[in-house]
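model_25.txt follows (compact mmCIF, C-alpha atoms):
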```txt
# COMPACT_ATOMS: atom_id res chain seq x y z
CA MET A 1 95.92 76.23 75.25
CA SER A 2 97.98 74.86 78.09
CA SER A 3 101.45 75.03 79.51
CA LEU A 4 103.06 73.42 82.51
CA SER A 5 105.93 75.87 82.73
CA PHE A 6 104.48 79.37 82.61
CA ASP A 7 106.52 81.76 84.73
CA TYR A 8 103.85 83.39 86.91
CA ARG A 9 106.35 85.11 89.14
CA ASN A 10 108.09 86.77 86.20
CA PHE A 11 104.76 87.93 84.75
CA TYR A 12 103.60 89.53 87.99
CA GLY A 13 107.00 91.12 88.41
CA SER A 14 106.73 92.81 85.01
CA ARG A 15 105.25 96.25 84.38
CA GLY A 16 102.19 94.77 82.68
CA GLY A 17 101.74 92.15 85.37
CA ARG A 18 101.82 94.75 88.13
CA ILE A 19 99.09 96.75 86.40
CA VAL A 20 96.98 93.61 85.90
CA ARG A 21 97.44 92.80 89.60
CA ARG A 22 96.25 96.24 90.65
CA VAL A 23 93.20 96.11 88.37
CA ILE A 24 92.11 92.64 89.51
CA GLY A 25 93.07 93.40 93.10
CA ALA A 26 90.71 96.38 93.13
CA HIS A 27 87.83 94.08 92.18
CA ILE A 28 88.79 91.57 94.87
CA ARG A 29 88.87 94.27 97.54
CA ASP A 30 85.45 95.51 96.41
CA LEU A 31 84.03 92.00 96.75
CA TRP A 32 85.87 91.22 99.99
CA PRO A 33 86.56 94.54 101.73
CA GLU A 34 87.13 92.92 105.12
CA CYS A 35 88.80 89.59 105.94
CA ARG A 36 89.88 90.46 109.46
CA ALA A 37 89.92 87.49 111.85
CA LEU A 38 89.06 85.09 109.01
CA ARG A 39 91.01 82.09 107.71
CA VAL A 40 91.88 82.75 104.06
CA ALA A 41 93.39 80.28 101.58
CA GLY A 42 94.60 81.00 98.06
CA LEU A 43 94.72 78.24 95.45
CA GLY A 44 96.36 78.05 92.03
CA TYR A 45 98.72 81.01 91.94
CA ALA A 46 96.98 83.44 94.28
CA GLN A 47 100.01 84.85 96.10
CA PRO A 48 99.99 88.28 94.36
CA TYR A 49 96.36 88.76 95.39
CA LEU A 50 96.49 87.26 98.86
CA SER A 51 98.95 89.99 99.77
CA LEU A 52 96.19 92.54 99.14
CA ILE A 53 93.60 91.07 101.51
CA ASN A 54 95.51 89.20 104.24
CA GLU A 55 95.96 92.09 106.66
CA GLY A 56 94.37 91.15 109.95
CA CYS A 57 93.47 87.63 108.87
CA GLU A 58 93.41 84.94 111.52
CA ARG A 59 95.53 82.94 109.10
CA SER A 60 96.33 83.10 105.37
CA PHE A 61 98.31 80.75 103.14
CA ALA A 62 98.75 79.70 99.51
CA LEU A 63 98.48 76.23 97.97
CA SER A 64 99.69 75.44 94.45
CA THR A 65 99.73 72.28 92.36
CA PRO A 66 103.02 70.76 91.12
CA ASP A 67 102.52 72.16 87.60
CA VAL A 68 102.85 75.71 88.98
CA GLU A 69 106.30 76.92 89.92
CA ILE A 70 106.34 77.34 93.68
CA HIS A 71 108.31 79.89 95.64
CA ALA A 72 108.37 81.19 99.19
CA TRP A 73 105.54 83.55 100.09
CA PRO A 74 105.55 86.11 101.55
CA GLU A 75 109.01 87.32 100.63
CA GLU A 76 109.74 88.22 104.25
CA GLY A 77 108.95 86.17 107.31
CA ARG A 78 107.72 82.61 107.66
CA ASN A 79 106.87 80.78 104.44
CA LEU A 80 103.11 80.29 104.00
CA SER A 81 103.14 78.64 100.58
CA ALA A 82 103.09 74.90 99.76
CA LEU A 83 102.43 72.33 97.03
CA CYS A 84 99.47 69.95 97.03
CA ASP A 85 97.36 67.75 94.77
CA GLU A 86 94.36 69.54 93.29
CA ASP A 87 91.91 66.86 94.43
CA LYS A 88 93.48 66.22 97.86
CA LEU A 89 93.87 69.52 99.63
CA PRO A 90 95.76 69.21 102.95
CA LEU A 91 92.98 71.03 104.78
CA GLU A 92 90.34 69.93 107.23
CA THR A 93 86.71 69.77 106.13
CA GLU A 94 84.89 73.08 106.64
CA SER A 95 88.02 74.88 107.82
CA ILE A 96 88.26 77.89 105.47
CA ASP A 97 86.31 81.17 105.68
CA ARG A 98 87.46 82.68 102.38
CA LEU A 99 88.79 80.68 99.44
CA LEU A 100 90.44 82.63 96.61
CA VAL A 101 91.17 80.63 93.45
CA VAL A 102 93.29 82.30 90.75
CA HIS A 103 95.04 80.41 87.93
CA GLY A 104 93.60 77.23 89.38
CA MET A 105 90.29 76.19 87.84
CA GLU A 106 91.42 76.65 84.24
CA ARG A 107 94.38 74.33 84.87
CA ALA A 108 92.48 71.62 86.76
CA ARG A 109 92.91 68.16 85.25
CA GLN A 110 89.69 66.93 86.86
CA PRO A 111 87.34 69.92 87.31
CA ALA A 112 84.76 67.84 89.19
CA ASP A 113 87.20 66.64 91.83
CA TYR A 114 88.70 70.10 92.10
CA LEU A 115 85.36 71.80 92.74
CA PHE A 116 84.22 69.15 95.20
CA GLU A 117 87.44 69.62 97.17
CA LEU A 118 86.78 73.36 97.29
CA TRP A 119 83.29 72.59 98.58
CA ARG A 120 84.67 70.24 101.21
CA VAL A 121 87.15 72.63 102.80
CA LEU A 122 84.91 75.72 102.71
CA LYS A 123 82.93 76.49 105.86
CA SER A 124 79.14 76.37 105.63
CA ASN A 125 79.03 80.18 105.87
CA GLY A 126 82.25 80.70 103.92
CA ARG A 127 82.77 82.33 100.54
CA LEU A 128 84.57 81.18 97.41
CA LEU A 129 85.91 83.63 94.83
CA LEU A 130 86.78 81.84 91.61
CA ILE A 131 88.60 83.82 88.90
CA VAL A 132 88.82 82.32 85.39
CA PRO A 133 89.63 83.57 81.87
CA ASN A 134 86.65 84.51 79.71
CA ARG A 135 86.52 82.17 76.73
CA HIS A 136 85.30 84.97 74.44
CA GLY A 137 87.81 87.53 75.69
CA LEU A 138 91.11 88.49 74.07
CA TRP A 139 93.14 87.63 77.18
CA SER A 140 92.39 83.91 76.78
CA HIS A 141 94.49 84.03 73.59
CA ALA A 142 97.39 86.02 75.05
CA GLU A 143 99.99 83.31 75.64
CA TRP A 144 102.45 85.81 77.12
CA SER A 145 100.04 86.15 80.05
CA PRO A 146 98.83 83.47 82.51
CA PHE A 147 95.27 83.94 81.24
CA GLY A 148 96.24 82.47 77.87
CA HIS A 149 97.03 79.07 79.41
CA GLY A 150 94.60 76.40 80.47
CA HIS A 151 90.87 76.10 79.77
CA PRO A 152 88.86 79.37 79.56
CA TYR A 153 85.14 79.42 80.36
CA THR A 154 81.95 81.21 79.46
CA VAL A 155 79.83 82.47 82.34
CA THR A 156 77.22 79.80 81.60
CA GLN A 157 79.81 77.02 81.69
CA ILE A 158 81.55 78.02 84.91
CA THR A 159 78.42 78.84 86.89
CA GLY A 160 76.80 75.60 85.69
CA LEU A 161 79.78 73.55 86.83
CA MET A 162 79.82 75.28 90.20
CA ARG A 163 76.12 74.63 90.77
CA GLN A 164 76.65 70.95 89.98
CA ALA A 165 79.35 70.95 92.65
CA LEU A 166 76.80 72.32 95.15
CA PHE A 167 77.83 75.97 95.19
CA SER A 168 75.29 78.77 95.32
CA ILE A 169 76.25 81.62 93.00
CA GLU A 170 76.15 84.98 94.81
CA ARG A 171 77.72 87.41 92.35
CA VAL A 172 79.35 87.41 88.92
CA GLU A 173 81.76 90.23 88.11
CA ARG A 174 83.52 90.90 84.81
CA ALA A 175 87.02 92.36 84.81
CA LEU A 176 90.12 93.20 82.77
CA TYR A 177 88.67 95.11 79.83
CA MET A 178 91.96 96.53 78.60
CA PRO A 179 93.34 94.76 75.50
CA PRO A 180 96.21 92.32 76.18
CA MET A 181 98.97 94.47 74.74
CA ARG A 182 102.29 95.27 76.36
CA SER A 183 102.45 98.86 75.13
CA PHE A 184 102.96 101.11 78.16
CA PRO A 185 100.72 103.95 76.86
CA LEU A 186 97.92 101.40 76.52
CA LEU A 187 98.66 99.80 79.87
CA SER A 188 98.56 103.20 81.53
CA MET A 189 94.92 103.46 80.41
CA ALA A 190 93.97 100.27 82.26
CA TYR A 191 91.70 102.02 84.76
CA THR A 192 89.94 103.94 81.99
CA PHE A 193 89.20 100.69 80.20
CA GLU A 194 87.99 99.18 83.47
CA SER A 195 85.68 102.08 84.24
CA PHE A 196 84.02 102.27 80.84
CA GLY A 197 84.57 98.78 79.44
CA LYS A 198 81.32 97.28 80.71
CA TYR A 199 79.40 100.03 78.88
CA CYS A 200 81.55 100.53 75.78
CA LEU A 201 83.08 97.07 75.32
CA PRO A 202 80.47 94.55 76.49
CA GLY A 203 81.67 90.99 76.17
CA MET A 204 85.32 92.04 75.86
CA HIS A 205 86.22 91.39 79.50
CA GLY A 206 89.23 89.17 80.04
CA LEU A 207 88.11 87.56 83.28
CA LEU A 208 85.08 86.23 85.12
CA MET A 209 84.99 86.58 88.90
CA ILE A 210 82.37 84.38 90.55
CA GLU A 211 81.61 84.66 94.24
CA ALA A 212 79.76 81.66 95.66
CA GLY A 213 78.54 80.21 98.92
CA LYS A 214 78.16 76.60 99.93
CA GLN A 215 74.90 74.73 99.55
CA VAL A 216 74.46 72.52 102.61
CA TYR A 217 71.81 69.83 102.51
CA SER A 218 70.44 67.75 105.38
CA GLY A 219 72.69 64.83 105.96
CA VAL A 220 75.67 67.08 105.15
CA ARG A 221 77.40 65.21 102.34
CA ALA A 222 74.70 62.68 101.44
CA GLY A 223 73.33 64.84 98.66
CA ALA A 224 76.81 65.45 97.30
CA VAL A 225 77.67 61.75 97.29
CA SER A 226 74.60 60.84 95.27
CA GLN A 227 75.37 63.58 92.71
CA ARG A 228 79.14 63.17 92.58
CA GLU A 229 79.43 60.66 89.73
CA PRO A 230 77.01 62.30 87.27
CA ALA A 231 78.54 65.68 88.09
CA ARG A 232 82.05 64.27 87.61
CA ARG A 233 81.09 63.01 84.15
CA ALA A 234 79.51 66.32 83.21
CA LEU A 235 82.55 68.27 84.41
CA ALA A 236 85.10 65.97 82.80
CA SER A 237 84.68 67.67 79.42
CA PRO A 238 83.93 71.37 80.09
CA ALA A 239 84.52 72.24 76.45
CA SER A 240 81.29 70.47 75.58
CA SER A 241 79.23 72.49 78.06
```
Output the file's structure in the form of structure tokens.
Amino acid sequence: MSSLSFDYRNFYGSRGGRIVRRVIGAHIRDLWPECRALRVAGLGYAQPYLSLINEGCERSFALSTPDVEIHAWPEEGRNLSALCDEDKLPLETESIDRLLVVHGMERARQPADYLFELWRVLKSNGRLLLIVPNRHGLWSHAEWSPFGHGHPYTVTQITGLMRQALFSIERVERALYMPPMRSFPLLSMAYTFESFGKYCLPGMHGLLMIEAGKQVYSGVRAGAVSQREPARRALASPASS
């Protein structure tokens, strides 16, 4: 499923969207409890989550592609949000300490180019947190939510693609176990689902959260150049993975 006009801002402003943000945000803070003095970039539509981890950052900003409705972020102060091409990020090589990608990978037109750009801008000791819909989860079919748009992945698919793009997988977390229903009584049980879902509802998680580091070979990019074309071909059709 795909859409070029999903209203992310309206979703995250809704009651359900705010609960989803808190649930996912708790996982992000557990993975990255401290970003003080670091340079943090959010890609896709990461603004709702950047706000949870940007306190004390050396610098934080959001980059979105033209198919995502852009708006000023944060709501107060200087705008730190901009549009860019997914395969030509306006960032220097090895300039980012923490790279948070939400609603980005599943919408990428060229997954190979997208991942290689993430590799390029991430520092050698930096960390990438990539959040994607679980192909086997119910949320990937919920078109009223942003997770029901774009290309969902299995854990094998997404980690395989990332390794081909020269990322080293550090951790894989599963999140958003509550069913994608807009009933408030059900939404109010979100934290209960999250606490017991991994034990009682295995495989029913809505999202995959993959934290990765950067593999750096001798000769810096020489290894990546030699692998770029076969990796690009393999990544061009993720549905076949």
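Minimum atom-to-atom distance to Thr93 of chain A, evaluated using all atoms listed in the file, belongs to A:Lys123 out of A:Lys123, A:Arg182, A:Arg171, A:His71.
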Handout entry: Atom pair atom CA of Arg107 of chain A / atom CA of Glu34 of chain A: separation (Å)
Key =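 Computed distance, atom CA of Arg107 of chain A to atom CA of Glu34 of chain A, equals 28.4 Å.
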Compile the contact shell of segment 95-98 of chain A as a PDB file with C-alpha atoms, keeping the file's coordinate frame: residues with an atom at most 7 Å away, counting all atoms listed in the file, same-chain residues fewer than 6 positions apart removed.
```
ATOM      1  CA  LEU A  38      89.060  85.090 109.010  1.00  0.00           C
ATOM      2  CA  ARG A  39      91.010  82.090 107.710  1.00  0.00           C
ATOM      3  CA  VAL A  40      91.880  82.750 104.060  1.00  0.00           C
ATOM      4  CA  ALA A  41      93.390  80.280 101.580  1.00  0.00           C
ATOM      5  CA  VAL A 121      87.150  72.630 102.800  1.00  0.00           C
ATOM      6  CA  LEU A 122      84.910  75.720 102.710  1.00  0.00           C
ATOM      7  CA  LYS A 123      82.930  76.490 105.860  1.00  0.00           C
ATOM      8  CA  GLY A 126      82.250  80.700 103.920  1.00  0.00           C
ATOM      9  CA  ARG A 127      82.770  82.330 100.540  1.00  0.00           C
ATOM     10  CA  LEU A 128      84.570  81.180  97.410  1.00  0.00           C
TER      11      LEU A 128
END
```
Residues at most 9 Å from Glu194 of chain A, counting only C-alpha atoms, excluding those fewer than 2 positions away in the same chain, as a short mmCIF file (atom, residue, chain, number, x, y, z; two decimals) with C-alpha atoms, in the coordinates of the input?
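Resulting contents of part-v2.cif:
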```cif
data_model
loop_
_atom_site.label_atom_id
_atom_site.label_comp_id
_atom_site.auth_asym_id
_atom_site.auth_seq_id
_atom_site.Cartn_x
_atom_site.Cartn_y
_atom_site.Cartn_z
CA VAL A 23 93.20 96.11 88.37
CA ALA A 175 87.02 92.36 84.81
CA LEU A 176 90.12 93.20 82.77
CA TYR A 177 88.67 95.11 79.83
CA MET A 178 91.96 96.53 78.60
CA MET A 189 94.92 103.46 80.41
CA ALA A 190 93.97 100.27 82.26
CA TYR A 191 91.70 102.02 84.76
CA THR A 192 89.94 103.94 81.99
CA PHE A 196 84.02 102.27 80.84
CA GLY A 197 84.57 98.78 79.44
CA LYS A 198 81.32 97.28 80.71
CA HIS A 205 86.22 91.39 79.50
#
```
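Residues in contact range of Leu31 of chain A, defined as at most 9 Å between all atoms listed in the file, with sequence neighbours fewer than 2 positions away removed, read Ala26, His27, Ile28, Arg29, Pro33, Glu34, Leu129, Arg171 and Glu211 of chain A.
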Problem - Distance criterion (all atoms listed in the file): nearest to Gln110 of chain A out of A:Val155, A:Glu86, A:Gly56, A:Glu75 - result: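 Going through A:Val155, A:Glu86, A:Gly56, A:Glu75 one by one, the smallest distance to Gln110 of chain A is for A:Glu86.
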Completion exercise
note - atom CA of Val216 of chain A and atom CA of Ser124 of chain A are separated by 6.8 Å
Exercise for the section: Find the residues near Leu118 of chain A: any atom within 9 Å, counting only C-alpha atoms, skip ones fewer than 2 places away on the same chain, and give them as a ChimeraX atom specification. Expected result: /A:87,89,99,113-116,120-122,128
Problem - Sphere at (87.0, 79.8, 83.2), radius 12 Å, counting all atoms listed in the file: residues as an MDAnalysis selection string - result: chainID A and resid 101:108 111 130:137 139:140 147:162 174 206:210 238:239 241
Exercise for the section: Tell me, in Å to one decimal, how far atom CA of Asp30 of chain A is from atom CA of Phe193 of chain A. Expected result: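 For atom CA of Asp30 of chain A relative to atom CA of Phe193 of chain A, the distance reads 17.4 Å.
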Exercise for the section: Using all atoms listed in the file, find all polymer residues with an atom at most 7 Å away from the point (101.3, 88.8, 85.9); report them as a PyMOL selection string. Expected result: chain A and resi 8+11-14+16-18+20-21+145-146
How big is the axis-aligned box around the listed atoms of segment 31-42 of chain A once 8 Å is added on each side, and where is its centre? Give both in Å to one decimal, as lines of an AutoDock Vina configuration file.
```
center_x = 89.3
center_y = 87.4
center_z = 104.3
size_x = 26.6
size_y = 30.3
size_z = 31.1
```
Practice task
Go through A:Leu100, A:Arg15, A:Phe61, A:Ile169 one by one, measure the shortest atom-to-atom distance of each to Ala82 of chain A using only C-alpha atoms, and give the residue with the smallest value.
Solution key: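 For Ala82 of chain A, the nearest of the candidates is A:Phe61.
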Could you add whatever atoms are missing so that segment 39-54 of chain A carries N, CA, C and O atoms, then write the result as a short mmCIF file (atom, residue, chain, number, x, y, z; two decimals), in the coordinates of the input?
```cif
data_model
loop_
_atom_site.label_atom_id
_atom_site.label_comp_id
_atom_site.auth_asym_id
_atom_site.auth_seq_id
_atom_site.Cartn_x
_atom_site.Cartn_y
_atom_site.Cartn_z
N ARG A 39 89.99 82.98 108.27
CA ARG A 39 91.01 82.09 107.71
C ARG A 39 90.87 82.10 106.20
O ARG A 39 89.84 81.70 105.65
N VAL A 40 91.92 82.54 105.51
CA VAL A 40 91.88 82.75 104.06
C VAL A 40 92.91 81.85 103.39
O VAL A 40 94.08 81.82 103.79
N ALA A 41 92.48 81.13 102.35
CA ALA A 41 93.39 80.28 101.58
C ALA A 41 93.34 80.70 100.12
O ALA A 41 92.27 81.00 99.59
N GLY A 42 94.51 80.72 99.48
CA GLY A 42 94.60 81.00 98.06
C GLY A 42 95.04 79.76 97.32
O GLY A 42 96.00 79.09 97.74
N LEU A 43 94.37 79.41 96.23
CA LEU A 43 94.72 78.24 95.45
C LEU A 43 95.08 78.63 94.03
O LEU A 43 94.62 79.66 93.52
N GLY A 44 95.88 77.77 93.38
CA GLY A 44 96.36 78.05 92.03
C GLY A 44 97.65 78.83 92.13
O GLY A 44 98.67 78.32 92.61
N TYR A 45 97.61 80.09 91.70
CA TYR A 45 98.72 81.01 91.94
C TYR A 45 98.10 82.31 92.44
O TYR A 45 97.92 83.27 91.69
N ALA A 46 97.72 82.31 93.69
CA ALA A 46 96.98 83.44 94.28
C ALA A 46 97.85 84.36 95.10
O ALA A 46 97.36 85.37 95.63
N GLN A 47 99.14 84.08 95.22
CA GLN A 47 100.01 84.85 96.10
C GLN A 47 99.97 86.36 95.84
O GLN A 47 99.91 87.15 96.80
N PRO A 48 100.00 86.82 94.58
CA PRO A 48 99.99 88.28 94.36
C PRO A 48 98.73 88.95 94.89
O PRO A 48 98.75 90.13 95.24
N TYR A 49 97.63 88.19 94.96
CA TYR A 49 96.36 88.76 95.39
C TYR A 49 96.10 88.54 96.87
O TYR A 49 95.44 89.36 97.51
N LEU A 50 96.61 87.47 97.42
CA LEU A 50 96.49 87.26 98.86
C LEU A 50 97.14 88.40 99.63
O LEU A 50 96.65 88.81 100.69
N SER A 51 98.23 88.92 99.09
CA SER A 51 98.95 89.99 99.77
C SER A 51 98.09 91.25 99.92
O SER A 51 98.37 92.09 100.77
N LEU A 52 97.04 91.35 99.11
CA LEU A 52 96.19 92.54 99.14
C LEU A 52 95.07 92.45 100.17
O LEU A 52 94.47 93.47 100.53
N ILE A 53 94.77 91.24 100.64
CA ILE A 53 93.60 91.07 101.51
C ILE A 53 93.92 90.35 102.82
O ILE A 53 93.02 90.08 103.61
N ASN A 54 95.20 90.04 103.06
CA ASN A 54 95.51 89.20 104.24
C ASN A 54 95.78 89.98 105.52
O ASN A 54 96.03 89.39 106.56
#
```
